[in-house]
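Asker: Below you will find the structure I want to go over with you.
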Amino acid sequence: MRRKARRLAAALTAAALTAVPALAEGEGPAVVREGNSYTVTYQGEAGRDYLLLALRTGADPKALEVGDILYIDQARGDETGLVLFENIRPSVNQDFRVYLSGTDQAGETVYVDKVIVSGEASHEGISGILVSAVDEDGIPARSVEIGVDGSFSVKLATSWTYTLSVTKKGHTPFQTTLTAGDENIDLGEVPLLAGDVNGDGKIDGQDLSALLYEYDREGGELSADFNETGAVNVEDLSLLLRNYGKGEEAGA
């Protein structure tokens with residue numbers, strides 16, 4: 001039965017925390033990568049249930065916090081005592097270590113190979129930009145906020161396909177699908193176009209109407225204040241008109 005830590009109920013997580021004994025290094029469970037997942041085997045006792053925990057590197061198994069658990073699973077030893085865990089995916093981007101409750105063994109640390117995906121987002125204003133990546137199964141892999149200069153660099157595990165998004169309020173989003181291979185990926189300039197007031201990915205009459213509704217207003221929560229001066233004025237109108245008709249429907 002496959003479980004991911006983010007989907008566990010609070011009761012199951014609490015049970016897992018109390019189930020981990022003081023574990024020691026040694027001839028522990030063997031971890032083998034198979035494609036985009038891992039298989040863990042351990043020679044245990046026939047008919048005995050084992051709880052597997054994949055913990056982030058550096059986590060103390062004797063003093064766990066909820067965020068330390070990347071994956072949890074349970075299996076029973078077969079007639080020969082072999083314990084098999086298949087299709088394990090602790091996290092596509094974090095190094096981890098496997099522990100088995102009820103034993104004094106821990107697996108070796110698994111270091112996940114990663115590549116760097118970089119780029120530079122062009123935008124208006126002074127606030128940060130969100131860069132996020134979701135893997136092919138829809139599981140969030142990375143989410144970082146970058147500064148006003150727009151440059152970003154994120155690490156993604158190799159051999160995975162991701163949907164990478166770069167977003168900012170009031171701007172059309174950038175989205176691309178990429179597969180992380182052996183080489184770093186430079187996306188170059190990532191254009192975020194000012195004028196998308198309603199956040200639907202395109203700049204059209206609806207956005208213009210929303211801007212005109214806020215025109216000449218001042219304040220910190222204005223949706224059409226693209227350059228973030230604290231007011232919606234002719235500068236914001238000029239930005240929207242410059243990008244009018246661009247966005248999702250125009251293939252930007």
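Residues are named by chain letter and number: chains run A, B, ... in the order of the structure tokens, numbers start at 1 in each chain, and ligands are numbered from 1 in the order shown.
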Neighbouring residues of segment 221-229 of chain A were defined as those with any atom within 12 Å, considering only C-alpha atoms; residues of the same chain fewer than 5 positions away were excluded. Please report them as a ChimeraX atom specification.
Answerer: /A:123-128,148,168-172,192-199,203,206-216,234-240
Asker: Could you turn the residues from that selection into a file that holds N, CA and C atoms, as a CSV table (one decimal), in the first residue's frame?
Answerer:
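After the write, selection_15.csv holds the following:
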chain,number,residue,atom,x,y,z
A,123,HIS,N,9.6,41.5,-16.4
A,123,HIS,CA,8.3,41.9,-15.8
A,123,HIS,C,8.4,43.3,-15.4
A,124,GLU,N,7.2,43.8,-14.8
A,124,GLU,CA,7.1,45.2,-14.3
A,124,GLU,C,7.0,45.1,-12.8
A,125,GLY,N,7.4,46.2,-12.2
A,125,GLY,CA,7.2,46.3,-10.7
A,125,GLY,C,8.4,45.8,-9.9
A,126,ILE,N,8.2,45.7,-8.6
A,126,ILE,CA,9.3,45.4,-7.7
A,126,ILE,C,9.0,44.2,-6.8
A,127,SER,N,7.9,43.6,-6.9
A,127,SER,CA,7.6,42.4,-6.1
A,127,SER,C,8.2,41.1,-6.7
A,128,GLY,N,8.2,40.1,-5.9
A,128,GLY,CA,8.8,38.8,-6.3
A,128,GLY,C,7.9,38.0,-7.3
A,148,VAL,N,13.3,40.7,-7.5
A,148,VAL,CA,12.9,41.6,-8.6
A,148,VAL,C,13.7,41.6,-9.8
A,168,LYS,N,3.4,35.8,-11.9
A,168,LYS,CA,3.4,37.1,-11.1
A,168,LYS,C,2.0,37.7,-11.3
A,169,LYS,N,1.5,38.3,-10.2
A,169,LYS,CA,0.2,38.9,-10.3
A,169,LYS,C,0.2,40.1,-11.3
A,170,GLY,N,-0.9,40.1,-12.1
A,170,GLY,CA,-1.1,41.1,-13.1
A,170,GLY,C,-0.3,40.9,-14.4
A,171,HIS,N,0.3,39.8,-14.5
A,171,HIS,CA,1.1,39.4,-15.7
A,171,HIS,C,0.6,38.1,-16.3
A,172,THR,N,0.8,37.9,-17.6
A,172,THR,CA,0.5,36.6,-18.2
A,172,THR,C,1.6,35.6,-17.7
A,192,LEU,N,7.0,37.8,-18.9
A,192,LEU,CA,5.8,37.9,-18.2
A,192,LEU,C,5.2,39.3,-18.6
A,193,LEU,N,4.1,39.3,-19.3
A,193,LEU,CA,3.5,40.5,-19.9
A,193,LEU,C,2.5,41.2,-18.9
A,194,ALA,N,2.8,42.4,-18.6
A,194,ALA,CA,1.9,43.2,-17.8
A,194,ALA,C,0.6,43.5,-18.5
A,195,GLY,N,-0.5,43.4,-17.7
A,195,GLY,CA,-1.8,43.7,-18.2
A,195,GLY,C,-2.9,42.6,-18.0
A,196,ASP,N,-2.5,41.5,-17.5
A,196,ASP,CA,-3.5,40.4,-17.2
A,196,ASP,C,-4.1,40.6,-15.8
A,197,VAL,N,-5.0,41.5,-15.8
A,197,VAL,CA,-5.6,41.9,-14.5
A,197,VAL,C,-6.4,40.7,-13.9
A,198,ASN,N,-7.2,40.0,-14.7
A,198,ASN,CA,-8.1,39.0,-14.1
A,198,ASN,C,-7.4,37.6,-14.1
A,199,GLY,N,-6.1,37.5,-14.5
A,199,GLY,CA,-5.4,36.3,-14.3
A,199,GLY,C,-5.8,35.1,-15.2
A,203,ILE,N,-4.5,39.2,-22.4
A,203,ILE,CA,-4.8,40.6,-22.1
A,203,ILE,C,-5.8,41.1,-23.1
A,206,GLN,N,-11.6,42.6,-21.1
A,206,GLN,CA,-11.9,42.5,-19.7
A,206,GLN,C,-10.9,43.1,-18.8
A,207,ASP,N,-9.6,42.9,-19.2
A,207,ASP,CA,-8.5,43.5,-18.4
A,207,ASP,C,-8.6,45.1,-18.5
A,208,LEU,N,-8.8,45.6,-19.7
A,208,LEU,CA,-8.9,47.0,-19.9
A,208,LEU,C,-10.0,47.6,-19.0
A,209,SER,N,-11.2,46.9,-19.0
A,209,SER,CA,-12.3,47.4,-18.2
A,209,SER,C,-12.0,47.4,-16.7
A,210,ALA,N,-11.2,46.4,-16.3
A,210,ALA,CA,-10.8,46.3,-14.9
A,210,ALA,C,-9.9,47.4,-14.5
A,211,LEU,N,-9.0,47.7,-15.4
A,211,LEU,CA,-8.0,48.8,-15.2
A,211,LEU,C,-8.7,50.2,-15.1
A,212,LEU,N,-9.7,50.4,-16.1
A,212,LEU,CA,-10.4,51.7,-16.1
A,212,LEU,C,-11.2,51.8,-14.8
A,213,TYR,N,-11.7,50.7,-14.2
A,213,TYR,CA,-12.4,50.8,-13.0
A,213,TYR,C,-11.6,51.3,-11.8
A,214,GLU,N,-10.3,50.9,-11.9
A,214,GLU,CA,-9.3,51.3,-10.8
A,214,GLU,C,-8.5,52.6,-11.2
A,215,TYR,N,-8.8,53.1,-12.3
A,215,TYR,CA,-8.0,54.3,-12.8
A,215,TYR,C,-8.0,55.5,-11.8
A,216,ASP,N,-6.9,56.0,-11.6
A,216,ASP,CA,-6.7,57.2,-10.7
A,216,ASP,C,-6.9,56.8,-9.2
A,234,VAL,N,-1.7,56.5,-16.0
A,234,VAL,CA,-1.4,56.4,-17.4
A,234,VAL,C,-0.2,55.4,-17.7
A,235,GLU,N,0.7,55.2,-16.8
A,235,GLU,CA,1.8,54.3,-17.0
A,235,GLU,C,1.3,52.9,-17.1
A,236,ASP,N,0.4,52.5,-16.2
A,236,ASP,CA,-0.2,51.2,-16.2
A,236,ASP,C,-1.1,51.0,-17.4
A,237,LEU,N,-1.8,52.0,-17.8
A,237,LEU,CA,-2.6,51.9,-19.0
A,237,LEU,C,-1.7,51.7,-20.2
A,238,SER,N,-0.6,52.4,-20.3
A,238,SER,CA,0.3,52.2,-21.4
A,238,SER,C,0.9,50.8,-21.5
A,239,LEU,N,1.2,50.2,-20.3
A,239,LEU,CA,1.7,48.9,-20.3
A,239,LEU,C,0.7,47.9,-20.8
A,240,LEU,N,-0.6,48.1,-20.4
A,240,LEU,CA,-1.7,47.2,-20.8
A,240,LEU,C,-1.9,47.3,-22.3
Asker: DSSP says strand (DSSP E) for which residues of segment 34-156 of chain A? Put them as a ChimeraX atom specification?
Answerer: /A:34,37-43,49-56,69-76,82-88,96-100,114-122,129-135,140-146,151-156
Asker: Give the answer as one residue: which of A:Asp49, A:Glu136, A:Asp113, A:Glu34 has the shortest atom-to-atom distance to Val83 of chain A, using only C-alpha atoms?
Answerer: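 Of the candidates, the smallest distance to Val83 of chain A is held by A:Asp49.
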Asker: Report the residues of segment 188-247 of chain A whose backbone DSSP state falls under helix (DSSP H, G or I), written as a PyMOL selection string.
Answerer: chain A and resi 205-214+234-242
Asker: Would you write out those residues with all heavy atoms, as a short mmCIF file (atom, residue, chain, number, x, y, z; two decimals), in the first residue's frame?
Answerer:
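Listing of result.cif after writing:
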data_model
loop_
_atom_site.label_atom_id
_atom_site.label_comp_id
_atom_site.auth_asym_id
_atom_site.auth_seq_id
_atom_site.Cartn_x
_atom_site.Cartn_y
_atom_site.Cartn_z
N GLY A 205 -10.18 42.92 -23.52
CA GLY A 205 -11.10 43.94 -23.08
C GLY A 205 -11.50 43.83 -21.62
O GLY A 205 -11.77 44.85 -20.96
N GLN A 206 -11.56 42.63 -21.11
CA GLN A 206 -11.91 42.47 -19.70
C GLN A 206 -10.85 43.11 -18.80
O GLN A 206 -11.18 43.73 -17.79
CB GLN A 206 -12.07 40.98 -19.37
CG GLN A 206 -13.22 40.30 -20.08
CD GLN A 206 -13.39 38.86 -19.66
OE1 GLN A 206 -13.10 38.49 -18.52
NE2 GLN A 206 -13.84 38.02 -20.58
N ASP A 207 -9.59 42.94 -19.17
CA ASP A 207 -8.52 43.54 -18.39
C ASP A 207 -8.55 45.06 -18.50
O ASP A 207 -8.32 45.77 -17.52
CB ASP A 207 -7.17 43.00 -18.86
CG ASP A 207 -7.08 41.49 -18.73
OD1 ASP A 207 -7.16 40.99 -17.60
OD2 ASP A 207 -6.94 40.82 -19.76
N LEU A 208 -8.82 45.56 -19.69
CA LEU A 208 -8.91 47.01 -19.88
C LEU A 208 -10.04 47.59 -19.04
O LEU A 208 -9.88 48.64 -18.39
CB LEU A 208 -9.13 47.33 -21.36
CG LEU A 208 -9.26 48.81 -21.72
CD1 LEU A 208 -8.03 49.60 -21.28
CD2 LEU A 208 -9.49 48.99 -23.22
N SER A 209 -11.18 46.93 -19.02
CA SER A 209 -12.31 47.40 -18.21
C SER A 209 -11.96 47.41 -16.72
O SER A 209 -12.31 48.35 -16.00
CB SER A 209 -13.53 46.50 -18.44
OG SER A 209 -13.98 46.58 -19.78
N ALA A 210 -11.25 46.37 -16.27
CA ALA A 210 -10.85 46.31 -14.86
C ALA A 210 -9.88 47.43 -14.52
O ALA A 210 -9.94 48.01 -13.44
CB ALA A 210 -10.22 44.95 -14.57
N LEU A 211 -8.96 47.73 -15.44
CA LEU A 211 -8.01 48.83 -15.20
C LEU A 211 -8.75 50.16 -15.13
O LEU A 211 -8.48 50.99 -14.24
CB LEU A 211 -6.95 48.86 -16.29
CG LEU A 211 -5.86 49.94 -16.15
CD1 LEU A 211 -4.52 49.43 -16.69
CD2 LEU A 211 -6.24 51.24 -16.86
N LEU A 212 -9.67 50.41 -16.06
CA LEU A 212 -10.39 51.68 -16.06
C LEU A 212 -11.22 51.85 -14.79
O LEU A 212 -11.41 52.97 -14.31
CB LEU A 212 -11.28 51.76 -17.30
CG LEU A 212 -10.52 51.83 -18.64
CD1 LEU A 212 -11.50 51.80 -19.80
CD2 LEU A 212 -9.63 53.05 -18.70
N TYR A 213 -11.70 50.75 -14.23
CA TYR A 213 -12.45 50.80 -12.98
C TYR A 213 -11.55 51.29 -11.84
O TYR A 213 -12.02 51.98 -10.92
CB TYR A 213 -13.02 49.41 -12.67
CG TYR A 213 -13.80 49.35 -11.38
CD1 TYR A 213 -15.10 49.84 -11.32
CD2 TYR A 213 -13.24 48.80 -10.23
CE1 TYR A 213 -15.82 49.79 -10.12
CE2 TYR A 213 -13.94 48.75 -9.04
CZ TYR A 213 -15.24 49.25 -8.99
OH TYR A 213 -15.95 49.20 -7.82
N GLU A 214 -10.27 50.93 -11.88
CA GLU A 214 -9.34 51.33 -10.81
C GLU A 214 -8.55 52.59 -11.16
O GLU A 214 -7.74 53.05 -10.34
CB GLU A 214 -8.35 50.20 -10.54
CG GLU A 214 -8.97 48.95 -9.93
CD GLU A 214 -7.93 47.90 -9.56
OE1 GLU A 214 -6.78 47.99 -10.06
OE2 GLU A 214 -8.26 46.98 -8.79
N VAL A 234 -1.66 56.48 -15.98
CA VAL A 234 -1.39 56.36 -17.41
C VAL A 234 -0.25 55.40 -17.70
O VAL A 234 -0.22 54.77 -18.77
CB VAL A 234 -1.11 57.76 -18.02
CG1 VAL A 234 0.20 58.34 -17.47
CG2 VAL A 234 -1.10 57.70 -19.54
N GLU A 235 0.68 55.25 -16.77
CA GLU A 235 1.78 54.31 -16.99
C GLU A 235 1.27 52.87 -17.05
O GLU A 235 1.71 52.09 -17.90
CB GLU A 235 2.82 54.47 -15.88
CG GLU A 235 3.52 55.82 -15.87
CD GLU A 235 4.52 55.93 -14.75
OE1 GLU A 235 4.63 54.97 -13.93
OE2 GLU A 235 5.20 56.97 -14.66
N ASP A 236 0.36 52.54 -16.16
CA ASP A 236 -0.21 51.19 -16.18
C ASP A 236 -1.07 50.99 -17.42
O ASP A 236 -1.05 49.90 -18.03
CB ASP A 236 -1.06 50.96 -14.92
CG ASP A 236 -0.24 51.13 -13.65
OD1 ASP A 236 0.68 50.34 -13.43
OD2 ASP A 236 -0.53 52.07 -12.89
N LEU A 237 -1.82 52.02 -17.81
CA LEU A 237 -2.62 51.93 -19.03
C LEU A 237 -1.73 51.71 -20.25
O LEU A 237 -2.05 50.89 -21.13
CB LEU A 237 -3.44 53.20 -19.20
CG LEU A 237 -4.30 53.28 -20.47
CD1 LEU A 237 -5.29 52.13 -20.52
CD2 LEU A 237 -5.01 54.63 -20.55
N SER A 238 -0.60 52.40 -20.30
CA SER A 238 0.32 52.24 -21.43
C SER A 238 0.87 50.82 -21.48
O SER A 238 1.02 50.24 -22.57
CB SER A 238 1.47 53.24 -21.31
OG SER A 238 0.99 54.57 -21.40
N LEU A 239 1.19 50.24 -20.32
CA LEU A 239 1.69 48.87 -20.28
C LEU A 239 0.65 47.89 -20.82
O LEU A 239 0.96 46.99 -21.60
CB LEU A 239 2.09 48.49 -18.85
CG LEU A 239 3.35 49.15 -18.29
CD1 LEU A 239 3.48 48.87 -16.80
CD2 LEU A 239 4.59 48.65 -19.03
N LEU A 240 -0.60 48.07 -20.38
CA LEU A 240 -1.65 47.16 -20.84
C LEU A 240 -1.87 47.30 -22.34
O LEU A 240 -1.98 46.29 -23.06
CB LEU A 240 -2.95 47.46 -20.08
CG LEU A 240 -4.12 46.49 -20.33
CD1 LEU A 240 -5.00 46.39 -19.09
CD2 LEU A 240 -4.98 46.91 -21.52
N LEU A 241 -1.91 48.54 -22.85
CA LEU A 241 -2.16 48.74 -24.27
C LEU A 241 -1.00 48.20 -25.11
O LEU A 241 -1.22 47.71 -26.24
CB LEU A 241 -2.38 50.23 -24.55
CG LEU A 241 -3.66 50.82 -23.96
CD1 LEU A 241 -3.74 52.31 -24.24
CD2 LEU A 241 -4.90 50.10 -24.48
N ARG A 242 0.21 48.28 -24.59
CA ARG A 242 1.36 47.73 -25.32
C ARG A 242 1.25 46.23 -25.51
O ARG A 242 1.68 45.67 -26.53
CB ARG A 242 2.65 48.06 -24.55
CG ARG A 242 3.93 47.63 -25.27
CD ARG A 242 5.14 48.00 -24.45
NE ARG A 242 5.25 47.19 -23.25
CZ ARG A 242 6.13 47.42 -22.26
NH1 ARG A 242 6.93 48.47 -22.32
NH2 ARG A 242 6.17 46.63 -21.20
#
Asker: Got a sec: who's within 7 Å of Ile185 of chain A, counting only C-alpha atoms, leaving out chain neighbours fewer than 4 positions off, as a list of chain:residue names?
Answerer: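 Near neighbours after the sequence-gap exclusion: A:Ile116, A:Val117, A:Ser118.
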Asker: Can you list, as a count of residues only, every protein, DNA or RNA residue that comes within 6 Å of segment 141-143 of chain A when you count only C-alpha atoms, leaving out same-chain residues fewer than 2 positions away?
Answerer: 4
Asker: Which residue is closest to Tyr42 of chain A? Choose from A:Pro90, A:Ala106, A:Pro61, A:Gly67 and count only C-alpha atoms.
Answerer: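 Looking at the shortest contact to Tyr42 of chain A, the residue is A:Ala106.
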Asker: Between atom CA of Tyr71 of chain A and atom CA of Ala54 of chain A, what is the spacing in Å?
Answerer: 5.0 Å
Asker: Which residue, A:Leu130, A:Val166, A:Ile146, A:Ile88, has the smallest gap to Gly35 of chain A when you use only C-alpha atoms?
Answerer: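 Of A:Leu130, A:Val166, A:Ile146, A:Ile88, the one nearest Gly35 of chain A, counting only C-alpha atoms, is A:Ile88.
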Asker: For atom CA of Gly47 of chain A and atom CA of Pro29 of chain A, quote the distance in Å rounded to one decimal.
Answerer: 17.2 Å
Asker: Within 7 Å of Ser159 of chain A, counting only C-alpha atoms, which residues show up once you throw out same-chain ones fewer than 6 positions away? Write them as a count of residues only, please.
Answerer: 4
Asker: Using only C-alpha atoms, find the one residue out of A:Ala46, A:Leu64, A:Leu55, A:Val154 that sits nearest to Glu79 of chain A.
Answerer: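 The answer is A:Ala46, which sits nearest to Glu79 of chain A.
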Asker: For atom CA of Val144 of chain A and atom CA of Gly188 of chain A, determine how far apart the two atoms are, in Å to one decimal place.
Answerer: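 If I compute the distance from atom CA of Val144 of chain A to atom CA of Gly188 of chain A, I get 17.9 Å.
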Asker: I'd like the contact shell of Asp95 of chain A - 9 Å cut-off, only C-alpha atoms, skipping same-chain residues fewer than 6 positions apart - returned as a list in words.
Answerer: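 Near neighbours after the sequence-gap exclusion: Leu55, Arg56, Thr57, Thr109, Val110, Tyr111, Val112 and Asp113 of chain A.
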Asker: For those residues, write N, CA, C and O atoms to a file as a tab-separated table (two decimals), in the first residue's frame.
Answerer:
chain	number	residue	atom	x	y	z
A	55	LEU	N	13.11	9.17	4.97
A	55	LEU	CA	13.29	10.45	5.66
A	55	LEU	C	14.25	11.33	4.88
A	55	LEU	O	15.18	10.85	4.24
A	56	ARG	N	14.01	12.60	4.95
A	56	ARG	CA	14.92	13.53	4.28
A	56	ARG	C	16.30	13.43	4.92
A	56	ARG	O	16.44	13.13	6.11
A	57	THR	N	17.33	13.67	4.14
A	57	THR	CA	18.69	13.60	4.62
A	57	THR	C	18.89	14.59	5.76
A	57	THR	O	18.50	15.75	5.67
A	109	THR	N	22.20	6.42	2.32
A	109	THR	CA	21.58	7.63	1.81
A	109	THR	C	21.49	7.57	0.28
A	109	THR	O	22.45	7.20	-0.39
A	110	VAL	N	20.33	7.92	-0.26
A	110	VAL	CA	20.12	7.95	-1.70
A	110	VAL	C	20.25	9.40	-2.16
A	110	VAL	O	19.47	10.27	-1.75
A	111	TYR	N	21.25	9.64	-2.97
A	111	TYR	CA	21.47	10.98	-3.50
A	111	TYR	C	20.82	11.08	-4.88
A	111	TYR	O	21.17	10.32	-5.80
A	112	VAL	N	19.88	11.98	-5.02
A	112	VAL	CA	19.13	12.14	-6.26
A	112	VAL	C	19.91	13.05	-7.21
A	112	VAL	O	20.25	14.18	-6.86
A	113	ASP	N	20.21	12.54	-8.41
A	113	ASP	CA	20.89	13.36	-9.41
A	113	ASP	C	19.98	14.50	-9.86
A	113	ASP	O	18.79	14.29	-10.11
Asker: Out of A:Asp204, A:Pro140, A:Leu51, A:Asn233, which residue has the shortest atom-to-atom distance to Glu218 of chain A when counting only C-alpha atoms?
Answerer: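 Comparing A:Asp204, A:Pro140, A:Leu51, A:Asn233 against Glu218 of chain A, the winner is A:Asn233.
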